[in-house]
$ cat start06.txt   # compact mmCIF, C-alpha atoms
# COMPACT_ATOMS: atom_id res chain seq x y z
CA MET A 1 95.80 52.44 93.89
CA GLU A 2 98.41 50.60 91.81
CA GLN A 3 97.09 48.63 88.87
CA ASN A 4 97.53 44.84 88.91
CA LYS A 5 100.59 43.67 87.05
CA ARG A 6 99.96 40.81 84.69
CA CYS A 7 101.97 38.19 82.88
CA ALA A 8 103.87 39.75 79.98
CA TRP A 9 101.94 37.69 77.40
CA VAL A 10 98.62 39.40 78.18
CA ASN A 11 97.48 41.90 75.54
CA LEU A 12 96.34 44.73 77.83
CA LYS A 13 94.36 46.30 74.97
CA ASN A 14 92.05 43.27 74.83
CA GLU A 15 89.61 43.42 77.77
CA ARG A 16 88.53 39.84 77.17
CA TYR A 17 92.13 38.63 77.39
CA VAL A 18 92.82 40.64 80.56
CA LYS A 19 89.67 39.26 82.19
CA TYR A 20 90.64 35.71 81.13
CA HIS A 21 94.08 36.12 82.72
CA ASP A 22 92.70 37.63 85.91
CA GLU A 23 89.71 35.34 86.44
CA GLU A 24 90.44 32.02 84.74
CA TRP A 25 94.00 31.28 83.66
CA GLY A 26 95.91 29.12 86.09
CA LYS A 27 93.07 28.68 88.57
CA PRO A 28 92.50 25.02 89.46
CA LEU A 29 89.55 23.79 87.45
CA HIS A 30 87.58 20.70 88.45
CA GLU A 31 84.24 20.95 86.63
CA ASP A 32 84.04 18.46 83.75
CA GLY A 33 81.98 20.72 81.48
CA ARG A 34 84.52 23.51 81.69
CA LEU A 35 87.45 21.10 81.35
CA TYR A 36 85.83 19.69 78.21
CA GLU A 37 85.30 23.14 76.69
CA LEU A 38 88.86 24.16 77.47
CA LEU A 39 90.32 20.96 76.02
CA ILE A 40 88.35 21.42 72.79
CA LEU A 41 89.27 25.10 72.50
CA GLU A 42 92.94 24.31 73.13
CA SER A 43 92.84 21.76 70.30
CA PHE A 44 91.46 24.45 67.97
CA GLN A 45 94.35 26.70 69.03
CA ALA A 46 96.90 24.46 67.27
CA GLY A 47 98.77 26.74 64.87
CA LEU A 48 96.93 29.84 66.12
CA SER A 49 97.09 32.10 69.15
CA TRP A 50 95.05 31.62 72.30
CA GLU A 51 93.90 35.22 71.96
CA CYS A 52 92.33 34.36 68.59
CA ILE A 53 90.46 31.39 70.09
CA LEU A 54 89.42 33.35 73.18
CA ASN A 55 87.97 36.09 70.96
CA LYS A 56 85.84 33.41 69.24
CA ARG A 57 84.88 31.51 72.42
CA GLU A 58 81.25 32.69 72.50
CA ALA A 59 80.80 31.77 68.84
CA PHE A 60 82.34 28.34 69.56
CA ARG A 61 79.94 27.86 72.49
CA ALA A 62 76.96 28.65 70.28
CA ALA A 63 78.19 26.54 67.36
CA PHE A 64 79.02 23.52 69.54
CA ASP A 65 75.73 23.45 71.47
CA GLY A 66 77.17 24.94 74.64
CA PHE A 67 79.91 22.32 74.58
CA ASP A 68 77.49 19.60 75.61
CA PRO A 69 79.58 16.48 74.93
CA HIS A 70 76.49 14.27 74.57
CA LYS A 71 75.31 16.47 71.68
CA VAL A 72 78.77 16.92 70.11
CA VAL A 73 79.52 13.19 70.03
CA ALA A 74 76.39 12.66 67.91
CA TYR A 75 77.35 15.18 65.21
CA GLY A 76 77.07 13.88 61.68
CA GLU A 77 78.10 15.21 58.29
CA GLU A 78 75.28 17.78 58.17
CA LYS A 79 76.49 19.39 61.41
CA VAL A 80 80.11 19.25 60.22
CA GLU A 81 79.10 21.18 57.08
CA GLU A 82 77.18 23.69 59.20
CA LEU A 83 80.31 24.23 61.34
CA MET A 84 82.48 24.56 58.23
CA ALA A 85 80.19 27.38 57.04
CA ASN A 86 80.28 29.25 60.37
CA PRO A 87 82.54 32.32 60.07
CA GLY A 88 82.55 32.83 63.85
CA ILE A 89 84.72 29.79 64.57
CA VAL A 90 87.91 28.28 63.20
CA ARG A 91 86.70 26.39 60.13
CA ASN A 92 89.11 23.49 59.95
CA ARG A 93 87.53 20.18 58.98
CA ARG A 94 90.28 18.10 60.61
CA LYS A 95 89.84 19.93 63.92
CA ILE A 96 86.05 19.66 63.77
CA LEU A 97 86.23 15.91 63.07
CA ALA A 98 88.85 15.56 65.83
CA THR A 99 86.48 17.32 68.22
CA ILE A 100 83.79 14.72 67.57
CA ARG A 101 86.24 11.83 68.00
CA ASN A 102 87.88 13.43 71.05
CA THR A 103 84.46 13.90 72.60
CA ALA A 104 83.80 10.16 72.37
CA VAL A 105 87.13 9.52 74.11
CA PHE A 106 86.34 12.18 76.73
CA LEU A 107 83.07 10.42 77.53
CA GLU A 108 84.87 7.05 77.73
CA ILE A 109 87.35 8.57 80.21
CA GLN A 110 84.47 9.95 82.29
CA LYS A 111 82.93 6.48 82.41
CA GLU A 112 86.24 4.82 83.32
CA TYR A 113 87.29 7.32 86.02
CA GLY A 114 83.93 8.65 87.16
CA SER A 115 84.89 12.09 85.82
CA PHE A 116 87.43 13.67 83.51
CA ASP A 117 88.53 15.72 86.52
CA ARG A 118 89.65 12.57 88.36
CA TYR A 119 91.50 11.40 85.28
CA ILE A 120 93.41 14.61 84.56
CA TRP A 121 94.29 15.41 88.18
CA SER A 122 95.42 11.81 88.78
CA PHE A 123 98.60 12.57 86.84
CA THR A 124 99.76 14.86 89.69
CA GLU A 125 97.83 13.15 92.50
CA GLY A 126 95.79 16.34 92.80
CA ARG A 127 98.81 18.60 93.25
CA VAL A 128 99.44 21.90 91.48
CA ILE A 129 102.88 22.30 89.90
CA ARG A 130 104.41 25.78 90.01
CA GLU A 131 106.72 26.93 87.22
CA PRO A 132 107.08 30.19 85.28
CA TYR A 133 105.17 30.36 81.99
CA ALA A 134 108.27 31.25 79.99
CA GLU A 135 110.21 28.20 81.13
CA ARG A 136 109.01 25.76 78.46
CA THR A 137 106.20 24.77 76.08
CA THR A 138 106.12 21.06 76.97
CA SER A 139 107.07 18.98 79.98
CA PRO A 140 107.33 15.33 80.98
CA LEU A 141 103.80 15.72 82.41
CA SER A 142 102.31 17.09 79.17
CA ASP A 143 104.24 14.41 77.24
CA ALA A 144 102.70 11.66 79.39
CA ILE A 145 99.12 12.97 79.22
CA SER A 146 99.40 13.62 75.49
CA ALA A 147 100.66 10.08 74.91
CA ASP A 148 97.85 8.62 77.01
CA LEU A 149 95.14 10.63 75.23
CA LYS A 150 96.57 9.67 71.83
CA ARG A 151 96.69 6.01 72.89
CA ARG A 152 93.00 6.32 73.73
CA GLY A 153 92.29 7.74 70.25
CA MET A 154 92.37 11.54 70.60
CA THR A 155 94.02 13.79 68.03
CA PHE A 156 95.14 17.44 68.18
CA VAL A 157 96.34 16.76 71.72
CA GLY A 158 100.10 17.06 71.26
CA SER A 159 102.34 17.86 74.18
CA THR A 160 102.42 21.62 73.46
CA ILE A 161 98.61 21.79 73.34
CA LEU A 162 98.40 19.73 76.53
CA TYR A 163 100.97 21.92 78.28
CA SER A 164 98.90 25.00 77.45
CA PHE A 165 95.76 23.18 78.64
CA LEU A 166 97.46 22.24 81.93
CA GLN A 167 98.49 25.86 82.47
CA SER A 168 95.02 27.14 81.64
CA MET A 169 93.22 24.70 83.91
CA GLY A 170 95.58 25.20 86.81
CA ILE A 171 97.50 21.94 87.16
CA ILE A 172 100.55 23.98 86.15
CA PHE A 173 100.52 27.34 87.94
CA ALA A 174 102.67 29.43 85.64
CA HIS A 175 102.14 33.12 86.33
CA GLY A 176 105.36 35.03 85.64
CA GLU A 177 107.53 36.76 88.23
CA GLU A 178 106.22 40.11 86.98
CA CYS A 179 102.60 39.13 87.69
CA SER A 180 100.75 40.15 90.85
CA SER A 181 98.71 36.91 90.60
CA ARG A 182 101.77 35.01 91.85
$ encode --input "start06.txt" --output "structure tokens"
Amino acid sequence: MEQNKRCAWVNLKNERYVKYHDEEWGKPLHEDGRLYELLILESFQAGLSWECILNKREAFRAAFDGFDPHKVVAYGEEKVEELMANPGIVRNRRKILATIRNTAVFLEIQKEYGSFDRYIWSFTEGRVIREPYAERTTSPLSDAISADLKRRGMTFVGSTILYSFLQSMGIIFAHGEECSSR
């Protein structure tokens, strides 16, 4: 039987990355807890590779209380210092502080829209956009969502980060022509 072909960006030597591509990337995501985790992890990716963040995902989950936004929003200086001392995650004070602030905004969006899912999918009226992953790193859609999140007070949510988030969570379906997932 022929092996599945994958997007060219997938490091086939990293089982975790292959599994992520095959089982998660680009599949429409609607569960707020998973959307929250993905948004936070994407913000930690800034300046790094997704593979690096993915390899640390379990450590991030443990360090950030299972990505429970009600716990994260209450983090104080003691927890920030604990996170800064954790070698399993990306130890960047600005990103950690942004996570706490972004969590407060995330919870405000949930309250306003009923769910973060309703908010994020409202930008495309629930539709998936199809475009190859190599086409661009930002789009008018990621520009608009980034601007709205920044207006609401989030940081580390630039258009490139948002574009990657939109691909990961399936609003933008971006598997390459070479990929059997198309």
$ atom_distance --input "start06.txt" --atom1 "CA of Ile145 (chain A)" --atom2 "CA of Met84 (chain A)"
29.2 Å
$ residues_near_point --input "start06.txt" --point "(82.6, 20.7, 60.7)" --cutoff "12 Å" --atoms "all atoms listed in the file" --output "list in words"
Phe60, Ala63, Phe64, Val72, Tyr75, Gly76, Glu77, Glu78, Lys79, Val80, Glu81, Glu82, Leu83, Met84, Ala85, Asn86, Pro87, Ile89, Val90, Arg91, Asn92, Arg93, Arg94, Lys95, Ile96, Leu97, Ala98, Thr99 and Ile100 of chain A
$ residues_around --input "start06.txt" --residues "Pro69 (chain A)" --least-positions-apart "3" --cutoff "10 Å" --atoms "all atoms listed in the file" --output "number ranges by chain"
A: 33, 36-37, 64-66, 72-74, 99-100, 102-104, 106-107
$ closest_residue --input "start06.txt" --among "A:Leu41, A:Ile172, A:Ile53, A:Val157" --to "Trp121 (chain A)" --atoms "only C-alpha atoms"
A:Ile172
$ atom_distance --input "start06.txt" --atom1 "CA of Leu162 (chain A)" --atom2 "CA of Gly176 (chain A)"
19.1 Å
$ closest_residue --input "start06.txt" --among "A:Tyr133, A:Phe116, A:Phe67, A:Phe123" --to "Trp9 (chain A)" --atoms "all atoms listed in the file"
A:Tyr133
$ atom_distance --input "start06.txt" --atom1 "CA of Glu42 (chain A)" --atom2 "CA of Arg6 (chain A)"
21.3 Å
$ decode --input "start06.txt" --residues "region 29-45 of chain A" --atoms "N, CA and C atoms" --output "PDB file, in the first residue's frame"
ATOM      1  N   LEU A  29     -11.923  23.241  13.527  1.00  0.00           N
ATOM      2  CA  LEU A  29     -11.928  23.122  14.982  1.00  0.00           C
ATOM      3  C   LEU A  29     -12.977  24.075  15.536  1.00  0.00           C
ATOM      4  N   HIS A  30     -13.809  23.556  16.443  1.00  0.00           N
ATOM      5  CA  HIS A  30     -14.897  24.371  16.987  1.00  0.00           C
ATOM      6  C   HIS A  30     -14.957  24.360  18.510  1.00  0.00           C
ATOM      7  N   GLU A  31     -14.107  23.623  19.163  1.00  0.00           N
ATOM      8  CA  GLU A  31     -14.157  23.500  20.624  1.00  0.00           C
ATOM      9  C   GLU A  31     -13.299  24.602  21.249  1.00  0.00           C
ATOM     10  N   ASP A  32     -13.929  25.435  22.069  1.00  0.00           N
ATOM     11  CA  ASP A  32     -13.251  26.607  22.631  1.00  0.00           C
ATOM     12  C   ASP A  32     -11.960  26.274  23.376  1.00  0.00           C
ATOM     13  N   GLY A  33     -11.944  25.194  24.140  1.00  0.00           N
ATOM     14  CA  GLY A  33     -10.733  24.838  24.876  1.00  0.00           C
ATOM     15  C   GLY A  33      -9.565  24.565  23.953  1.00  0.00           C
ATOM     16  N   ARG A  34      -9.813  23.866  22.871  1.00  0.00           N
ATOM     17  CA  ARG A  34      -8.743  23.576  21.918  1.00  0.00           C
ATOM     18  C   ARG A  34      -8.361  24.816  21.117  1.00  0.00           C
ATOM     19  N   LEU A  35      -9.343  25.653  20.787  1.00  0.00           N
ATOM     20  CA  LEU A  35      -9.032  26.909  20.093  1.00  0.00           C
ATOM     21  C   LEU A  35      -8.153  27.793  20.971  1.00  0.00           C
ATOM     22  N   TYR A  36      -8.471  27.850  22.258  1.00  0.00           N
ATOM     23  CA  TYR A  36      -7.684  28.650  23.201  1.00  0.00           C
ATOM     24  C   TYR A  36      -6.242  28.132  23.259  1.00  0.00           C
ATOM     25  N   GLU A  37      -6.088  26.833  23.455  1.00  0.00           N
ATOM     26  CA  GLU A  37      -4.740  26.253  23.512  1.00  0.00           C
ATOM     27  C   GLU A  37      -3.958  26.578  22.241  1.00  0.00           C
ATOM     28  N   LEU A  38      -4.586  26.383  21.100  1.00  0.00           N
ATOM     29  CA  LEU A  38      -3.901  26.626  19.834  1.00  0.00           C
ATOM     30  C   LEU A  38      -3.513  28.094  19.682  1.00  0.00           C
ATOM     31  N   LEU A  39      -4.400  28.996  20.052  1.00  0.00           N
ATOM     32  CA  LEU A  39      -4.096  30.423  19.953  1.00  0.00           C
ATOM     33  C   LEU A  39      -2.902  30.780  20.841  1.00  0.00           C
ATOM     34  N   ILE A  40      -2.875  30.254  22.054  1.00  0.00           N
ATOM     35  CA  ILE A  40      -1.761  30.539  22.964  1.00  0.00           C
ATOM     36  C   ILE A  40      -0.469  29.937  22.414  1.00  0.00           C
ATOM     37  N   LEU A  41      -0.514  28.706  21.964  1.00  0.00           N
ATOM     38  CA  LEU A  41       0.697  28.076  21.423  1.00  0.00           C
ATOM     39  C   LEU A  41       1.197  28.817  20.188  1.00  0.00           C
ATOM     40  N   GLU A  42       0.283  29.247  19.332  1.00  0.00           N
ATOM     41  CA  GLU A  42       0.697  30.011  18.140  1.00  0.00           C
ATOM     42  C   GLU A  42       1.387  31.311  18.555  1.00  0.00           C
ATOM     43  N   SER A  43       0.918  31.946  19.633  1.00  0.00           N
ATOM     44  CA  SER A  43       1.563  33.189  20.068  1.00  0.00           C
ATOM     45  C   SER A  43       2.973  32.911  20.591  1.00  0.00           C
ATOM     46  N   PHE A  44       3.178  31.753  21.198  1.00  0.00           N
ATOM     47  CA  PHE A  44       4.528  31.385  21.643  1.00  0.00           C
ATOM     48  C   PHE A  44       5.427  31.043  20.460  1.00  0.00           C
ATOM     49  N   GLN A  45       4.845  30.710  19.322  1.00  0.00           N
ATOM     50  CA  GLN A  45       5.636  30.366  18.144  1.00  0.00           C
ATOM     51  C   GLN A  45       6.370  31.578  17.567  1.00  0.00           C
TER      52      GLN A  45
END
